[in-house]
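Notes follow once the structure below has been shown.
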Amino acid sequence: MTALLDLYDVRRFYGAGDTEVRALDGVSLSIEAGEFVAIVGQSGSGKSTLMNILGCLDRPTGGAYKVRGVNVAGLDADALAALRRDTFGFVFQRYNLLATATALENVEIPAIYAGLPLEARAARAGELLAKLGLGDRTSHRPGELSGGQQQRVSIARALMNDAEVILADEPTGALDSGSSAELLTLLEEMHAGGRTIILITHDHDVAARAHRTIEIKDGRIVSDSGVRKADIGREPYKHHGHAPTALTQVSESVKMALRSLRANLFRTALTLLGVIIGVAAVVAMLAIGEGSSKQVVASIETMGSNLLFVRPGAPGTRMRGSAIATLTIEDANAIAELDNIIATVPEREGRETLRVGSLDYSTRVSGVSADWPKAQKWEMGKGAFFSADDQRRYATTVVLGETVASNLFPNGENPVGDYVFIGGAPFEVAGVLSARGATAWGQDMDDVALVPITTGMMRLFGQQYLSSITIAVEDTRRINETEEEARELLLARHGTEDFQLRNTASLLESVQETQKAFSLLLGSVAAISLLVGGIGVMNIMLGSGTERTREIGVRMATGARRSDIMVQFNTEALVVGGLGGVLGVLIGLGVSLGLGGTGMSIAITPEPAILAFSCALATGLVFGYLPARKAARMDPVAALASE
Ligand code: ADP
Ligand code: MG
């Protein structure tokens, strides 16, 4: 008959050369099913090392260890995890309970890795706790329990998967004498129930309760009282778990992730903030960008598709048109002679203060030609536009925009025929334009006064150069042809291309290009904040300290495979990303709607929200991967021992 546990010349050395420590130095030992063994020895004699090897948390450096005749040296990490899960239940000196989980949840952990369904799991954990006298403490966290109670919770956890072997490493070490006595009684009951108990202690009184005592010193067995006949031949356990399905694995991970995020609320909030800001920024800024671009396009379209614009300055120069002296009124007159043209409007503008009686009002005064209403398709509200004759005569006449008229004539009088002082000279009001409202950029189009260009140049602007020429073409199908003719004409007149000629289509194009650049900028802002968020995610996982490392150790000791740990950590990162994504999208939408309420033009489309949310998730995935891998590769003994 093969022994349940069989060690042959097992060695476990730490370090090498001068610093080599022989924690176990040739241990041969057989333990039969149903034994109650105490392993005694002084501190540092190698007891814990022996227990870690017995429990498959650690592998021997040399020699052979067989469980039910199977050499563990031939088992991979997952097979070892399964062996721990089904065969061994661990009880530690410092209990090693998860501080953030309730007593019930702590007891449930091994069953998660054995794939026991949720209800069955909770029921069994509750039963075990009740049997151990903790029926009214199931929802308490370890911090709310006494040492003895915590140790009973850890015993319930060891029993959860119906382990055949209970490995207890100095379980009474941190307990008072009363709790110690209770615990030993529990161990005796478990032994009576058919389990194999291996109890490690340095206390000979505690060891006396066992049926076999093995003494160990400097990594070697120095005495062994031998197997008690009565213990041999108990029925071996049949229970065996199976790995959890992917679905339970994920749902468990989400639960655990939420729990651990809740446990560190402040840290979680800070990390979430990074993700939220990034996502909200993308959603809100794209809504604003999209909204303004739509409005710009709409207002360009209302200008009509038959316009050509000439501005002074060579293509690509960034100087403001008014500072460049290349376009003249003669240029405009020459263009007017071309074919397919309805109107050519030269324009020069400046800021002036208008005065009526004691009322002052400063506005944009534009010198234009009489053709201006035709080119702009702008109706009169009152009176009439000045005529070509007025222009020729240098008439001191003005047409007011609605905003200017209502500021200078606040009592609703009809300004037509009245006089407005501009630059000290009286201008007769010929008419008032119909109201048009604001441009996409928020500029009030009605805040303008128009004078004949001739008068303006002579009396107001002090310069003979134009800030622009607007050309309205007759047949829009020939607009490109006309544009070319105008270009050649100006080239011939100036000898060099010191002007820019554009049509509405190319204006639209440049607006869209600006829009693209804007989106790119937003994208990089978002990418940077998501990066910050991602680093936060990584920080949560990597710098999580002892508590977290011990948790990994406990999970591994109770049967978690590397993939379980990996899934858990990745899920946690994904939960942060997803949560940040959802909150970010909501906040972004809220901000957009709020801005929309203030009159800003916004356009909410689903794409930015979807894009930003996916980016947040991807951030979680990418930045969670490294910490997850690090956690999954951790050595269970080292993880459990972390201080
Ligand atoms: P016990 O549990 O009997 O007090 P241990 O098994 O913990 O003793 O340790 C046995 C010896 O091995 C001690 O000298 C200890 O310092 C050494 N040891 C244990 N773990 C390590 C390790 N990870 N690295 C180096 N030395 C270790
Ligand atoms: Mg020890």
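Letters for chains follow the order of the structure tokens (A, B, ...), residue numbers begin at 1 for each chain, and ligand numbers begin at 1 in the order shown.
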
Requested in this report: Give the residue list for ligand 1 at 9 Å, counting only C-alpha atoms and all ligand atoms, as a VMD selection string, sorted by chain and then by residue number.
Outcome: chain A and resid 12 to 15 19 to 24 40 to 52 169 to 170 200 to 202 216 to 219 637 to 638 641

Report task. Would you list the contacts of A:Thr87 as number ranges by chain, taking every protein, DNA or RNA residue within 7 Å and counting only C-alpha atoms, but skipping same-chain residues closer than 2 positions in sequence? Result -> A: 83-85, 89, 163-165

Query raised in the report: atom CA of A:Ser519 to atom CA of A:Ala505: how many Å, to one decimal?
Result: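 Result for atom CA of A:Ser519 versus atom CA of A:Ala505: 21.0 Å, one decimal.
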
Requested in this report: Skip A:Leu617 itself and residues of its chain fewer than 2 positions away, then list as a list in words all residues within 6 Å of it, counting only C-alpha atoms.
Outcome: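 The residues satisfying every condition are Leu574, Gly577, Gly578, Ser614, Cys615, Thr619 and Gly620 of chain A.
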
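Using only C-alpha atoms, the smallest distance between any of A:Glu144, A:Asp224, A:Asp444, A:Asp371 and A:Thr403 comes from A:Asp444.
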
Requested in this report: Enumerate as number ranges by chain all residues of stretch 189-331 of chain A assigned to strand (DSSP E) by DSSP on the backbone, naming them with the chain letters and numbers the document uses.
Outcome: A: 196-201, 212-217, 220-224, 307-312

Would you write out those residues with N, CA, C and O atoms, as an mmCIF file, in the first residue's frame?
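The resulting result_28.cif:
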data_model
loop_
_atom_site.group_PDB
_atom_site.id
_atom_site.type_symbol
_atom_site.label_atom_id
_atom_site.label_comp_id
_atom_site.auth_asym_id
_atom_site.auth_seq_id
_atom_site.Cartn_x
_atom_site.Cartn_y
_atom_site.Cartn_z
ATOM 1 N N THR A 196 -6.707 13.623 7.841
ATOM 2 C CA THR A 196 -5.304 13.538 8.238
ATOM 3 C C THR A 196 -4.888 14.919 8.726
ATOM 4 O O THR A 196 -5.100 15.904 8.018
ATOM 5 N N ILE A 197 -4.337 14.985 9.927
ATOM 6 C CA ILE A 197 -3.967 16.287 10.487
ATOM 7 C C ILE A 197 -2.454 16.353 10.651
ATOM 8 O O ILE A 197 -1.850 15.449 11.226
ATOM 9 N N ILE A 198 -1.865 17.405 10.105
ATOM 10 C CA ILE A 198 -0.442 17.633 10.350
ATOM 11 C C ILE A 198 -0.317 18.977 11.043
ATOM 12 O O ILE A 198 -0.655 20.024 10.481
ATOM 13 N N LEU A 199 0.127 18.903 12.294
ATOM 14 C CA LEU A 199 0.148 20.084 13.145
ATOM 15 C C LEU A 199 1.591 20.464 13.436
ATOM 16 O O LEU A 199 2.368 19.643 13.913
ATOM 17 N N ILE A 200 1.928 21.690 13.101
ATOM 18 C CA ILE A 200 3.294 22.133 13.357
ATOM 19 C C ILE A 200 3.306 23.034 14.583
ATOM 20 O O ILE A 200 2.452 23.911 14.728
ATOM 21 N N THR A 201 4.248 22.777 15.478
ATOM 22 C CA THR A 201 4.277 23.564 16.711
ATOM 23 C C THR A 201 5.667 23.524 17.326
ATOM 24 O O THR A 201 6.463 22.649 17.014
ATOM 25 N N ARG A 212 1.152 11.133 16.856
ATOM 26 C CA ARG A 212 2.513 10.814 16.437
ATOM 27 C C ARG A 212 3.311 12.111 16.491
ATOM 28 O O ARG A 212 2.807 13.162 16.070
ATOM 29 N N THR A 213 4.503 12.068 17.010
ATOM 30 C CA THR A 213 5.311 13.276 17.125
ATOM 31 C C THR A 213 6.624 13.086 16.375
ATOM 32 O O THR A 213 7.323 12.091 16.580
ATOM 33 N N ILE A 214 6.904 14.032 15.495
ATOM 34 C CA ILE A 214 8.157 13.993 14.755
ATOM 35 C C ILE A 214 8.948 15.224 15.163
ATOM 36 O O ILE A 214 8.428 16.346 15.087
ATOM 37 N N GLU A 215 10.172 15.012 15.601
ATOM 38 C CA GLU A 215 10.965 16.162 16.009
ATOM 39 C C GLU A 215 12.010 16.463 14.951
ATOM 40 O O GLU A 215 12.663 15.566 14.413
ATOM 41 N N ILE A 216 12.147 17.729 14.668
ATOM 42 C CA ILE A 216 13.046 18.140 13.593
ATOM 43 C C ILE A 216 14.019 19.178 14.136
ATOM 44 O O ILE A 216 13.666 20.015 14.967
ATOM 45 N N LYS A 217 15.279 19.048 13.698
ATOM 46 C CA LYS A 217 16.307 19.962 14.173
ATOM 47 C C LYS A 217 17.284 20.212 13.032
ATOM 48 O O LYS A 217 17.739 19.255 12.386
ATOM 49 N N ARG A 220 16.757 18.261 9.875
ATOM 50 C CA ARG A 220 16.788 16.791 9.872
ATOM 51 C C ARG A 220 15.820 16.274 10.935
ATOM 52 O O ARG A 220 15.629 16.900 11.967
ATOM 53 N N ILE A 221 15.282 15.063 10.669
ATOM 54 C CA ILE A 221 14.410 14.443 11.665
ATOM 55 C C ILE A 221 15.295 13.819 12.738
ATOM 56 O O ILE A 221 16.205 13.045 12.433
ATOM 57 N N VAL A 222 15.043 14.209 13.999
ATOM 58 C CA VAL A 222 15.861 13.640 15.069
ATOM 59 C C VAL A 222 15.096 12.586 15.864
ATOM 60 O O VAL A 222 15.693 11.744 16.518
ATOM 61 N N SER A 223 13.758 12.627 15.805
ATOM 62 C CA SER A 223 13.009 11.535 16.444
ATOM 63 C C SER A 223 11.634 11.421 15.814
ATOM 64 O O SER A 223 11.085 12.407 15.301
ATOM 65 N N ASP A 224 11.065 10.220 15.847
ATOM 66 C CA ASP A 224 9.749 9.976 15.257
ATOM 67 C C ASP A 224 9.082 8.902 16.098
ATOM 68 O O ASP A 224 9.595 7.787 16.220
ATOM 69 N N LEU A 307 -19.827 82.814 -54.546
ATOM 70 C CA LEU A 307 -18.911 83.890 -54.179
ATOM 71 C C LEU A 307 -17.436 83.497 -54.323
ATOM 72 O O LEU A 307 -17.057 82.366 -54.066
ATOM 73 N N LEU A 308 -16.641 84.488 -54.744
ATOM 74 C CA LEU A 308 -15.185 84.356 -54.745
ATOM 75 C C LEU A 308 -14.654 85.459 -53.839
ATOM 76 O O LEU A 308 -15.222 86.550 -53.798
ATOM 77 N N PHE A 309 -13.600 85.130 -53.101
ATOM 78 C CA PHE A 309 -13.039 86.135 -52.206
ATOM 79 C C PHE A 309 -11.585 86.405 -52.562
ATOM 80 O O PHE A 309 -10.812 85.478 -52.762
ATOM 81 N N VAL A 310 -11.241 87.679 -52.637
ATOM 82 C CA VAL A 310 -9.831 88.035 -52.849
ATOM 83 C C VAL A 310 -9.352 88.737 -51.584
ATOM 84 O O VAL A 310 -10.024 89.646 -51.078
ATOM 85 N N ARG A 311 -8.227 88.252 -51.067
ATOM 86 C CA ARG A 311 -7.636 88.918 -49.897
ATOM 87 C C ARG A 311 -6.202 89.288 -50.231
ATOM 88 O O ARG A 311 -5.550 88.584 -51.001
ATOM 89 N N PRO A 312 -5.687 90.371 -49.661
ATOM 90 C CA PRO A 312 -4.296 90.739 -49.943
ATOM 91 C C PRO A 312 -3.329 89.802 -49.229
ATOM 92 O O PRO A 312 -3.691 89.161 -48.248
#

Query raised in the report: Can you list every residue in stretch 65-208 of chain A that DSSP puts in helix (DSSP H, G or I), as a ChimeraX atom specification?
Result: /A:72-74,77-87,103-113,118-131,142-144,147-159,177-192,204-207

Requested in this report: For A:Asp360, please output as an MDAnalysis selection string all residues within 10 Å (counting only C-alpha atoms; exclusion window: fewer than 5 positions along the same chain).
Outcome: chainID A and resid 353:355 407:408 420:421

Next, the residues of the selection above should be written as a PDB file, in the first residue's frame with N, CA and C atoms.
ATOM      1  N   THR A 353     -16.097 105.446 -33.925  1.00  0.00           N
ATOM      2  CA  THR A 353     -17.149 105.742 -32.956  1.00  0.00           C
ATOM      3  C   THR A 353     -18.229 106.568 -33.651  1.00  0.00           C
ATOM      4  N   LEU A 354     -19.471 106.090 -33.549  1.00  0.00           N
ATOM      5  CA  LEU A 354     -20.605 106.787 -34.155  1.00  0.00           C
ATOM      6  C   LEU A 354     -21.323 107.564 -33.055  1.00  0.00           C
ATOM      7  N   ARG A 355     -21.810 108.731 -33.403  1.00  0.00           N
ATOM      8  CA  ARG A 355     -22.465 109.549 -32.381  1.00  0.00           C
ATOM      9  C   ARG A 355     -23.755 110.136 -32.899  1.00  0.00           C
ATOM     10  N   ASN A 407     -28.868 100.763 -31.018  1.00  0.00           N
ATOM     11  CA  ASN A 407     -28.063 101.391 -29.970  1.00  0.00           C
ATOM     12  C   ASN A 407     -28.067 102.903 -30.070  1.00  0.00           C
ATOM     13  N   LEU A 408     -28.076 103.398 -31.323  1.00  0.00           N
ATOM     14  CA  LEU A 408     -28.016 104.847 -31.501  1.00  0.00           C
ATOM     15  C   LEU A 408     -29.396 105.483 -31.456  1.00  0.00           C
ATOM     16  N   VAL A 420     -25.775 110.843 -38.468  1.00  0.00           N
ATOM     17  CA  VAL A 420     -24.890 110.181 -37.504  1.00  0.00           C
ATOM     18  C   VAL A 420     -23.504 110.773 -37.712  1.00  0.00           C
ATOM     19  N   PHE A 421     -22.843 111.160 -36.609  1.00  0.00           N
ATOM     20  CA  PHE A 421     -21.490 111.695 -36.741  1.00  0.00           C
ATOM     21  C   PHE A 421     -20.466 110.576 -36.722  1.00  0.00           C
TER      22      PHE A 421
END

Requested in this report: Within 9 Å of A:Arg59, counting only C-alpha atoms, which residues show up once you throw out same-chain ones fewer than 4 positions away? Write them as a VMD selection string, please.
Outcome: chain A and resid 12 52 to 54 65 72 to 73
